[in-house]
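Raw contents of query_2.cif, mmCIF, N, CA and C atoms:
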data_entry
loop_
_atom_site.label_atom_id
_atom_site.label_comp_id
_atom_site.auth_asym_id
_atom_site.auth_seq_id
_atom_site.Cartn_x
_atom_site.Cartn_y
_atom_site.Cartn_z
N MET F 1092 202.28 25.05 39.49
CA MET F 1092 201.25 24.69 38.56
C MET F 1092 200.68 25.91 37.86
N ALA F 1093 201.29 27.05 38.02
CA ALA F 1093 200.76 28.24 37.38
C ALA F 1093 200.63 28.00 35.88
N GLY F 1094 199.48 28.42 35.35
CA GLY F 1094 199.22 28.26 33.94
C GLY F 1094 198.74 26.88 33.54
N LYS F 1095 198.67 25.95 34.46
CA LYS F 1095 198.26 24.59 34.16
C LYS F 1095 196.78 24.36 34.36
N PHE F 1096 196.11 25.22 35.12
CA PHE F 1096 194.68 25.04 35.33
C PHE F 1096 194.02 26.36 35.63
N LYS F 1097 192.73 26.38 35.48
CA LYS F 1097 191.92 27.55 35.77
C LYS F 1097 191.29 27.35 37.13
N ALA F 1098 191.51 28.25 38.05
CA ALA F 1098 190.90 28.13 39.37
C ALA F 1098 190.26 29.46 39.73
N ILE F 1099 188.97 29.45 39.91
CA ILE F 1099 188.25 30.67 40.25
C ILE F 1099 187.46 30.41 41.52
N GLY F 1100 187.60 31.30 42.48
CA GLY F 1100 186.76 31.24 43.66
C GLY F 1100 187.19 30.23 44.71
N CYS F 1101 188.43 29.74 44.67
CA CYS F 1101 188.84 28.84 45.74
C CYS F 1101 190.11 29.37 46.39
N SER F 1102 190.16 29.23 47.69
CA SER F 1102 191.34 29.62 48.43
C SER F 1102 192.42 28.57 48.21
N MET F 1103 193.64 28.86 48.62
CA MET F 1103 194.71 27.87 48.49
C MET F 1103 194.33 26.59 49.22
N ALA F 1104 193.73 26.70 50.39
CA ALA F 1104 193.33 25.51 51.14
C ALA F 1104 192.26 24.74 50.39
N ALA F 1105 191.30 25.47 49.81
CA ALA F 1105 190.24 24.79 49.08
C ALA F 1105 190.77 24.09 47.85
N CYS F 1106 191.63 24.75 47.09
CA CYS F 1106 192.19 24.13 45.89
C CYS F 1106 193.06 22.94 46.27
N ALA F 1107 193.84 23.06 47.33
CA ALA F 1107 194.68 21.95 47.77
C ALA F 1107 193.82 20.75 48.14
N THR F 1108 192.71 20.99 48.81
CA THR F 1108 191.83 19.90 49.18
C THR F 1108 191.23 19.26 47.94
N LEU F 1109 190.83 20.08 46.96
CA LEU F 1109 190.27 19.53 45.74
C LEU F 1109 191.28 18.69 44.99
N LEU F 1110 192.56 19.00 45.15
CA LEU F 1110 193.61 18.25 44.49
C LEU F 1110 194.08 17.09 45.35
N ASN F 1111 193.28 16.72 46.37
CA ASN F 1111 193.55 15.59 47.25
C ASN F 1111 194.82 15.76 48.09
N VAL F 1112 195.17 16.99 48.40
CA VAL F 1112 196.30 17.23 49.28
C VAL F 1112 195.82 17.28 50.73
N GLY F 1113 194.59 17.77 50.93
CA GLY F 1113 194.04 17.89 52.28
C GLY F 1113 193.40 16.61 52.74
N GLY F 1114 192.91 16.63 53.97
CA GLY F 1114 192.28 15.43 54.54
C GLY F 1114 190.81 15.64 54.76
N GLY F 1115 190.23 14.78 55.55
CA GLY F 1115 188.83 14.91 55.91
C GLY F 1115 188.00 13.83 55.26
N PRO F 1116 186.75 13.73 55.67
CA PRO F 1116 185.87 12.71 55.13
C PRO F 1116 185.71 12.84 53.62
N ALA F 1117 185.59 11.73 52.94
CA ALA F 1117 185.44 11.73 51.51
C ALA F 1117 183.98 11.70 51.08
N SER F 1118 183.07 11.44 52.00
CA SER F 1118 181.67 11.36 51.61
C SER F 1118 180.77 11.81 52.75
N ALA F 1119 179.51 12.07 52.40
CA ALA F 1119 178.54 12.47 53.41
C ALA F 1119 178.32 11.35 54.41
N ALA F 1120 178.40 10.10 53.96
CA ALA F 1120 178.21 8.97 54.89
C ALA F 1120 179.30 8.96 55.94
N GLU F 1121 180.55 9.23 55.52
CA GLU F 1121 181.64 9.29 56.49
C GLU F 1121 181.44 10.46 57.43
N ALA F 1122 180.94 11.58 56.91
CA ALA F 1122 180.70 12.74 57.78
C ALA F 1122 179.67 12.39 58.83
N GLY F 1123 178.62 11.64 58.44
CA GLY F 1123 177.61 11.23 59.39
C GLY F 1123 178.21 10.39 60.50
N ALA F 1124 179.21 9.59 60.17
CA ALA F 1124 179.86 8.75 61.17
C ALA F 1124 180.64 9.58 62.17
N THR F 1125 181.05 10.79 61.80
CA THR F 1125 181.82 11.64 62.70
C THR F 1125 180.92 12.59 63.49
N GLY F 1126 179.61 12.46 63.32
CA GLY F 1126 178.68 13.30 64.08
C GLY F 1126 178.10 14.43 63.26
N ASP F 1127 178.68 14.72 62.07
CA ASP F 1127 178.12 15.75 61.21
C ASP F 1127 176.92 15.16 60.47
N PRO F 1128 175.99 16.00 60.05
CA PRO F 1128 174.84 15.48 59.31
C PRO F 1128 175.28 14.90 57.97
N ALA F 1129 174.55 13.93 57.47
CA ALA F 1129 174.83 13.33 56.17
C ALA F 1129 173.67 13.66 55.24
N PRO F 1130 173.63 14.90 54.70
CA PRO F 1130 172.49 15.31 53.90
C PRO F 1130 172.40 14.53 52.58
N ILE F 1131 171.18 14.41 52.06
CA ILE F 1131 170.93 13.79 50.77
C ILE F 1131 171.00 14.90 49.72
N ALA F 1132 171.76 14.66 48.65
CA ALA F 1132 171.94 15.69 47.63
C ALA F 1132 172.08 15.03 46.27
N THR F 1133 171.85 15.83 45.21
CA THR F 1133 172.07 15.35 43.85
C THR F 1133 172.84 16.40 43.07
N LEU F 1134 173.60 15.95 42.10
CA LEU F 1134 174.33 16.82 41.18
C LEU F 1134 174.10 16.26 39.79
N THR F 1135 173.40 17.03 38.94
CA THR F 1135 173.00 16.55 37.62
C THR F 1135 173.55 17.46 36.54
N LEU F 1136 174.25 16.87 35.58
CA LEU F 1136 174.71 17.60 34.40
C LEU F 1136 173.50 17.81 33.50
N THR F 1137 173.19 19.06 33.18
CA THR F 1137 172.01 19.35 32.37
C THR F 1137 172.37 19.68 30.92
N SER F 1138 173.64 19.69 30.58
CA SER F 1138 174.08 19.96 29.21
C SER F 1138 174.20 18.64 28.46
N GLU F 1139 173.73 18.64 27.21
CA GLU F 1139 173.73 17.40 26.44
C GLU F 1139 175.07 17.06 25.81
N HIS F 1140 175.85 18.05 25.40
CA HIS F 1140 177.09 17.78 24.67
C HIS F 1140 178.25 18.58 25.26
N PRO F 1141 178.80 18.13 26.38
CA PRO F 1141 179.94 18.86 26.93
C PRO F 1141 181.14 18.77 25.99
N ALA F 1142 181.71 19.90 25.67
CA ALA F 1142 182.84 19.95 24.75
C ALA F 1142 183.80 21.05 25.18
N PHE F 1143 185.04 20.94 24.74
CA PHE F 1143 186.03 21.98 24.99
C PHE F 1143 185.48 23.33 24.50
N GLY F 1144 185.55 24.34 25.34
CA GLY F 1144 185.09 25.68 25.00
C GLY F 1144 183.62 25.93 25.24
N ALA F 1145 182.86 24.89 25.53
CA ALA F 1145 181.41 25.03 25.72
C ALA F 1145 181.07 25.39 27.16
N ALA F 1146 179.95 26.07 27.32
CA ALA F 1146 179.40 26.30 28.65
C ALA F 1146 178.54 25.09 29.00
N ILE F 1147 178.75 24.54 30.17
CA ILE F 1147 177.93 23.42 30.64
C ILE F 1147 177.21 23.84 31.91
N SER F 1148 176.11 23.17 32.19
CA SER F 1148 175.30 23.53 33.35
C SER F 1148 175.03 22.30 34.21
N PHE F 1149 174.83 22.57 35.50
CA PHE F 1149 174.47 21.56 36.47
C PHE F 1149 173.31 22.07 37.30
N THR F 1150 172.53 21.14 37.82
CA THR F 1150 171.55 21.45 38.84
C THR F 1150 171.94 20.64 40.07
N ALA F 1151 172.10 21.33 41.18
CA ALA F 1151 172.43 20.69 42.45
C ALA F 1151 171.27 20.90 43.40
N THR F 1152 170.87 19.83 44.07
CA THR F 1152 169.85 19.94 45.11
C THR F 1152 170.44 19.39 46.40
N PHE F 1153 170.09 20.03 47.49
CA PHE F 1153 170.60 19.64 48.79
C PHE F 1153 169.69 20.21 49.86
N PRO F 1154 169.65 19.59 51.02
CA PRO F 1154 168.80 20.09 52.10
C PRO F 1154 169.39 21.36 52.71
N ALA F 1155 168.56 22.06 53.44
CA ALA F 1155 169.06 23.24 54.16
C ALA F 1155 170.16 22.79 55.12
N MET F 1156 171.21 23.56 55.18
CA MET F 1156 172.33 23.24 56.06
C MET F 1156 173.03 24.53 56.46
N LYS F 1157 173.83 24.44 57.50
CA LYS F 1157 174.54 25.64 57.95
C LYS F 1157 175.82 25.87 57.17
N TRP F 1158 176.25 24.88 56.40
CA TRP F 1158 177.49 24.99 55.63
C TRP F 1158 177.22 25.58 54.26
N ILE F 1159 178.24 26.11 53.62
CA ILE F 1159 178.12 26.71 52.30
C ILE F 1159 178.52 25.69 51.24
N PRO F 1160 177.59 25.31 50.36
CA PRO F 1160 177.93 24.33 49.33
C PRO F 1160 178.82 24.92 48.25
N GLU F 1161 179.68 24.06 47.71
CA GLU F 1161 180.56 24.43 46.61
C GLU F 1161 180.49 23.34 45.55
N GLU F 1162 180.85 23.71 44.34
CA GLU F 1162 180.86 22.78 43.22
C GLU F 1162 182.18 22.95 42.49
N SER F 1163 182.78 21.84 42.09
CA SER F 1163 184.00 21.91 41.31
C SER F 1163 183.87 21.04 40.08
N VAL F 1164 184.57 21.43 39.03
CA VAL F 1164 184.68 20.61 37.82
C VAL F 1164 186.16 20.51 37.51
N GLU F 1165 186.64 19.28 37.37
CA GLU F 1165 188.04 19.03 37.01
C GLU F 1165 188.06 18.12 35.79
N CYS F 1166 188.87 18.48 34.80
CA CYS F 1166 189.01 17.68 33.59
C CYS F 1166 190.48 17.30 33.42
N ASP F 1167 190.70 16.03 33.09
CA ASP F 1167 192.04 15.49 32.92
C ASP F 1167 192.18 14.89 31.53
N GLN F 1168 193.39 15.01 31.01
CA GLN F 1168 193.75 14.37 29.75
C GLN F 1168 194.99 13.53 30.00
N GLY F 1169 194.85 12.22 29.90
CA GLY F 1169 196.00 11.34 30.10
C GLY F 1169 196.68 11.54 31.44
N GLY F 1170 195.90 11.81 32.49
CA GLY F 1170 196.47 11.98 33.82
C GLY F 1170 196.95 13.40 34.12
N GLN F 1171 196.88 14.30 33.16
CA GLN F 1171 197.28 15.70 33.37
C GLN F 1171 196.03 16.57 33.48
N MET F 1172 196.00 17.43 34.51
CA MET F 1172 194.87 18.32 34.69
C MET F 1172 194.83 19.34 33.56
N ALA F 1173 193.68 19.42 32.90
CA ALA F 1173 193.48 20.38 31.82
C ALA F 1173 192.60 21.55 32.27
N TYR F 1174 191.78 21.33 33.32
CA TYR F 1174 190.82 22.35 33.73
C TYR F 1174 190.41 22.10 35.16
N LEU F 1175 190.28 23.19 35.92
CA LEU F 1175 189.71 23.14 37.27
C LEU F 1175 189.01 24.46 37.52
N ASP F 1176 187.77 24.38 37.94
CA ASP F 1176 187.03 25.58 38.31
C ASP F 1176 186.17 25.24 39.52
N VAL F 1177 185.98 26.21 40.39
CA VAL F 1177 185.20 26.03 41.62
C VAL F 1177 184.21 27.18 41.73
N GLN F 1178 182.98 26.86 42.10
CA GLN F 1178 181.96 27.87 42.35
C GLN F 1178 181.35 27.65 43.73
N VAL F 1179 180.96 28.75 44.34
CA VAL F 1179 180.38 28.72 45.68
C VAL F 1179 178.96 29.27 45.61
N GLU F 1180 178.05 28.63 46.35
CA GLU F 1180 176.68 29.12 46.47
C GLU F 1180 176.56 29.76 47.85
N PRO F 1181 176.92 31.06 47.97
CA PRO F 1181 177.00 31.69 49.29
C PRO F 1181 175.70 31.76 50.06
N ASN F 1182 174.56 31.70 49.37
CA ASN F 1182 173.27 31.76 50.05
C ASN F 1182 172.75 30.40 50.46
N GLY F 1183 173.43 29.33 50.02
CA GLY F 1183 172.99 27.98 50.36
C GLY F 1183 171.63 27.63 49.77
N THR F 1184 171.28 28.25 48.63
CA THR F 1184 169.98 28.07 48.02
C THR F 1184 169.92 26.78 47.19
N SER F 1185 168.87 26.00 47.40
CA SER F 1185 168.66 24.78 46.64
C SER F 1185 167.28 24.85 46.00
N PRO F 1186 167.12 24.47 44.74
CA PRO F 1186 168.16 23.96 43.86
C PRO F 1186 169.08 25.08 43.38
N TRP F 1187 170.29 24.69 43.04
CA TRP F 1187 171.32 25.62 42.59
C TRP F 1187 171.65 25.28 41.15
N ALA F 1188 171.53 26.24 40.26
CA ALA F 1188 171.90 26.06 38.86
C ALA F 1188 173.25 26.74 38.65
N SER F 1189 174.24 25.98 38.23
CA SER F 1189 175.57 26.53 38.03
C SER F 1189 175.99 26.34 36.58
N SER F 1190 176.97 27.12 36.17
CA SER F 1190 177.46 27.04 34.80
C SER F 1190 178.98 27.16 34.81
N PHE F 1191 179.63 26.35 34.01
CA PHE F 1191 181.09 26.35 33.87
C PHE F 1191 181.43 26.41 32.38
N THR F 1192 182.45 27.17 32.02
CA THR F 1192 182.93 27.18 30.64
C THR F 1192 184.18 26.33 30.58
N LEU F 1193 184.13 25.26 29.81
CA LEU F 1193 185.22 24.28 29.74
C LEU F 1193 186.35 24.79 28.84
N TRP F 1194 187.17 25.66 29.41
CA TRP F 1194 188.29 26.23 28.67
C TRP F 1194 189.40 26.60 29.64
N SER F 1195 190.62 26.31 29.27
CA SER F 1195 191.81 26.80 29.96
C SER F 1195 192.90 26.95 28.91
N GLN F 1196 193.90 27.75 29.19
CA GLN F 1196 194.98 27.96 28.23
C GLN F 1196 195.74 26.67 27.95
N SER F 1197 196.02 25.89 28.99
CA SER F 1197 196.77 24.65 28.77
C SER F 1197 195.96 23.66 27.93
N TRP F 1198 194.65 23.64 28.13
CA TRP F 1198 193.79 22.76 27.34
C TRP F 1198 193.78 23.22 25.89
N ALA F 1199 193.69 24.54 25.69
CA ALA F 1199 193.72 25.10 24.33
C ALA F 1199 195.07 24.81 23.67
N ASP F 1200 196.16 24.98 24.43
CA ASP F 1200 197.50 24.70 23.89
C ASP F 1200 197.64 23.25 23.46
N GLY F 1201 196.88 22.34 24.11
CA GLY F 1201 196.90 20.93 23.75
C GLY F 1201 195.93 20.58 22.64
N GLY F 1202 195.31 21.58 22.04
CA GLY F 1202 194.42 21.34 20.91
C GLY F 1202 192.97 21.13 21.26
N GLY F 1203 192.61 21.24 22.54
CA GLY F 1203 191.21 21.08 22.94
C GLY F 1203 190.68 19.66 22.80
N ALA F 1204 191.58 18.70 22.89
CA ALA F 1204 191.19 17.29 22.74
C ALA F 1204 190.23 16.87 23.85
N PRO F 1205 189.50 15.77 23.64
CA PRO F 1205 188.57 15.28 24.66
C PRO F 1205 189.26 15.07 26.01
N ALA F 1206 188.48 15.24 27.07
CA ALA F 1206 188.99 15.09 28.43
C ALA F 1206 187.97 14.36 29.28
N ASP F 1207 188.46 13.67 30.29
CA ASP F 1207 187.60 13.02 31.28
C ASP F 1207 187.40 14.00 32.43
N CYS F 1208 186.15 14.26 32.75
CA CYS F 1208 185.82 15.29 33.74
C CYS F 1208 185.01 14.71 34.89
N THR F 1209 185.18 15.33 36.05
CA THR F 1209 184.42 14.98 37.24
C THR F 1209 183.93 16.26 37.90
N ALA F 1210 182.65 16.28 38.22
CA ALA F 1210 182.07 17.40 38.95
C ALA F 1210 181.72 16.90 40.35
N ASN F 1211 182.01 17.72 41.36
CA ASN F 1211 181.73 17.37 42.75
C ASN F 1211 180.91 18.46 43.41
N LEU F 1212 179.98 18.06 44.26
CA LEU F 1212 179.22 18.95 45.12
C LEU F 1212 179.66 18.62 46.54
N TYR F 1213 180.07 19.61 47.30
CA TYR F 1213 180.64 19.36 48.62
C TYR F 1213 180.52 20.60 49.51
N PHE F 1214 180.87 20.43 50.76
CA PHE F 1214 180.98 21.57 51.67
C PHE F 1214 182.09 21.30 52.67
N TYR F 1215 182.61 22.38 53.23
CA TYR F 1215 183.63 22.29 54.27
C TYR F 1215 182.96 22.45 55.62
N THR F 1216 183.43 21.72 56.61
CA THR F 1216 182.96 21.93 57.98
C THR F 1216 184.05 22.70 58.71
N TRP F 1217 183.62 23.50 59.66
CA TRP F 1217 184.55 24.38 60.38
C TRP F 1217 184.28 24.30 61.88
N LYS F 1218 185.32 24.47 62.63
CA LYS F 1218 185.22 24.66 64.08
C LYS F 1218 185.98 25.94 64.35
N GLY F 1219 185.21 26.98 64.66
CA GLY F 1219 185.83 28.30 64.79
C GLY F 1219 186.35 28.72 63.42
N HIS F 1220 187.64 29.05 63.35
CA HIS F 1220 188.26 29.46 62.09
C HIS F 1220 189.07 28.33 61.47
N THR F 1221 188.88 27.10 61.95
CA THR F 1221 189.66 25.97 61.47
C THR F 1221 188.78 25.02 60.66
N GLU F 1222 189.23 24.75 59.44
CA GLU F 1222 188.53 23.78 58.61
C GLU F 1222 188.74 22.40 59.21
N THR F 1223 187.65 21.65 59.40
CA THR F 1223 187.77 20.33 60.02
C THR F 1223 187.60 19.18 59.04
N SER F 1224 186.84 19.39 57.95
CA SER F 1224 186.68 18.31 56.97
C SER F 1224 186.03 18.84 55.71
N VAL F 1225 186.06 18.00 54.69
CA VAL F 1225 185.35 18.25 53.44
C VAL F 1225 184.34 17.11 53.29
N VAL F 1226 183.09 17.44 53.07
CA VAL F 1226 182.04 16.44 52.93
C VAL F 1226 181.54 16.48 51.49
N TYR F 1227 181.72 15.38 50.76
CA TYR F 1227 181.26 15.27 49.37
C TYR F 1227 179.82 14.77 49.36
N LEU F 1228 178.95 15.55 48.73
CA LEU F 1228 177.53 15.25 48.68
C LEU F 1228 177.12 14.53 47.40
N GLY F 1229 177.76 14.85 46.32
CA GLY F 1229 177.41 14.25 45.04
C GLY F 1229 178.53 14.39 44.04
N THR F 1230 178.54 13.51 43.07
CA THR F 1230 179.55 13.57 42.01
C THR F 1230 178.94 13.06 40.72
N THR F 1231 179.45 13.56 39.62
CA THR F 1231 179.06 13.07 38.31
C THR F 1231 180.27 13.17 37.39
N SER F 1232 180.42 12.21 36.52
CA SER F 1232 181.54 12.18 35.59
C SER F 1232 181.03 12.23 34.16
N PHE F 1233 181.84 12.79 33.27
CA PHE F 1233 181.49 12.86 31.86
C PHE F 1233 182.77 13.04 31.05
N THR F 1234 182.66 12.76 29.77
CA THR F 1234 183.79 12.94 28.85
C THR F 1234 183.40 13.99 27.82
N THR F 1235 184.31 14.95 27.58
CA THR F 1235 184.05 15.97 26.58
C THR F 1235 184.29 15.43 25.18
N THR F 1236 183.71 16.10 24.22
CA THR F 1236 183.90 15.70 22.82
C THR F 1236 184.89 16.60 22.14
#
Whole structure given in structure tokens:
Amino acid sequence: MAGKFKAIGCSMAACATLLNVGGGPASAAEAGATGDPAPIATLTLTSEHPAFGAAISFTATFPAMKWIPEESVECDQGGQMAYLDVQVEPNGTSPWASSFTLWSQSWADGGGAPADCTANLYFYTWKGHTETSVVYLGTTSFTTT
């Protein structure tokens, strides 16, 4: 997939999980069922006109937790990934204001046409050095212009 998407700040395992290759709980409610806390969180798009090439912003709120929250934005055009970016909030600070620039070479090569995008707020759980699950806290979808 080289050259097909933009990925910043995610390990191979993290990117694979974001691309639904990995396993683990799909939501905080499922995590709560496995004994992990099910924190209440929100993910809000604060940009009014998301468009190809534009910087967009989100505000994420979440309770204090021992895990490190991450945010991803993925945009698809006709089932093909046009953009993927991941950001990490290493301090676990809430609220978290993040910014993503909606641009990738493959998207530009396709003319920058509108795309369907999904943003996710999540964290990984670990036991020792082994990732045990991914817990999704919030999601929001939007279409670029």
Which of these, F:Ala1173, F:Cys1166, F:Leu1212, F:Ala1206, has the shortest distance to F:Thr1236 once you count only C-alpha atoms?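 Counting only C-alpha atoms, the residue closest to F:Thr1236 is F:Ala1206.
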Report, in Å to a single decimal, how far apart atom CA of F:Gln1178 and atom C of F:Ala1155 are.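 Distance between the two atoms: 18.1 Å.
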If we count only C-alpha atoms, what is near F:Val1179 at a cut-off of 8 Å, once residues fewer than 6 positions away on the same chain are taken out, given as a PyMOL selection string? chain F and resi 1100+1159-1162
Take the PyMOL selection byres ((chain F and resi 1187) around 6.5), apply it to the structure above, and return the hits as a list in words. Phe1149, Thr1150, Ala1151, Thr1152, Phe1153, Thr1184, Ser1185, Pro1186, Ala1188 and Ser1189 of chain F
Picked residues, the PyMOL selection byres (((chain F and resi 1148 and name CA) around 10) and name CA), expected as a PyMOL selection string: chain F and resi 1135-1139+1141+1145-1147+1149-1151+1188-1192
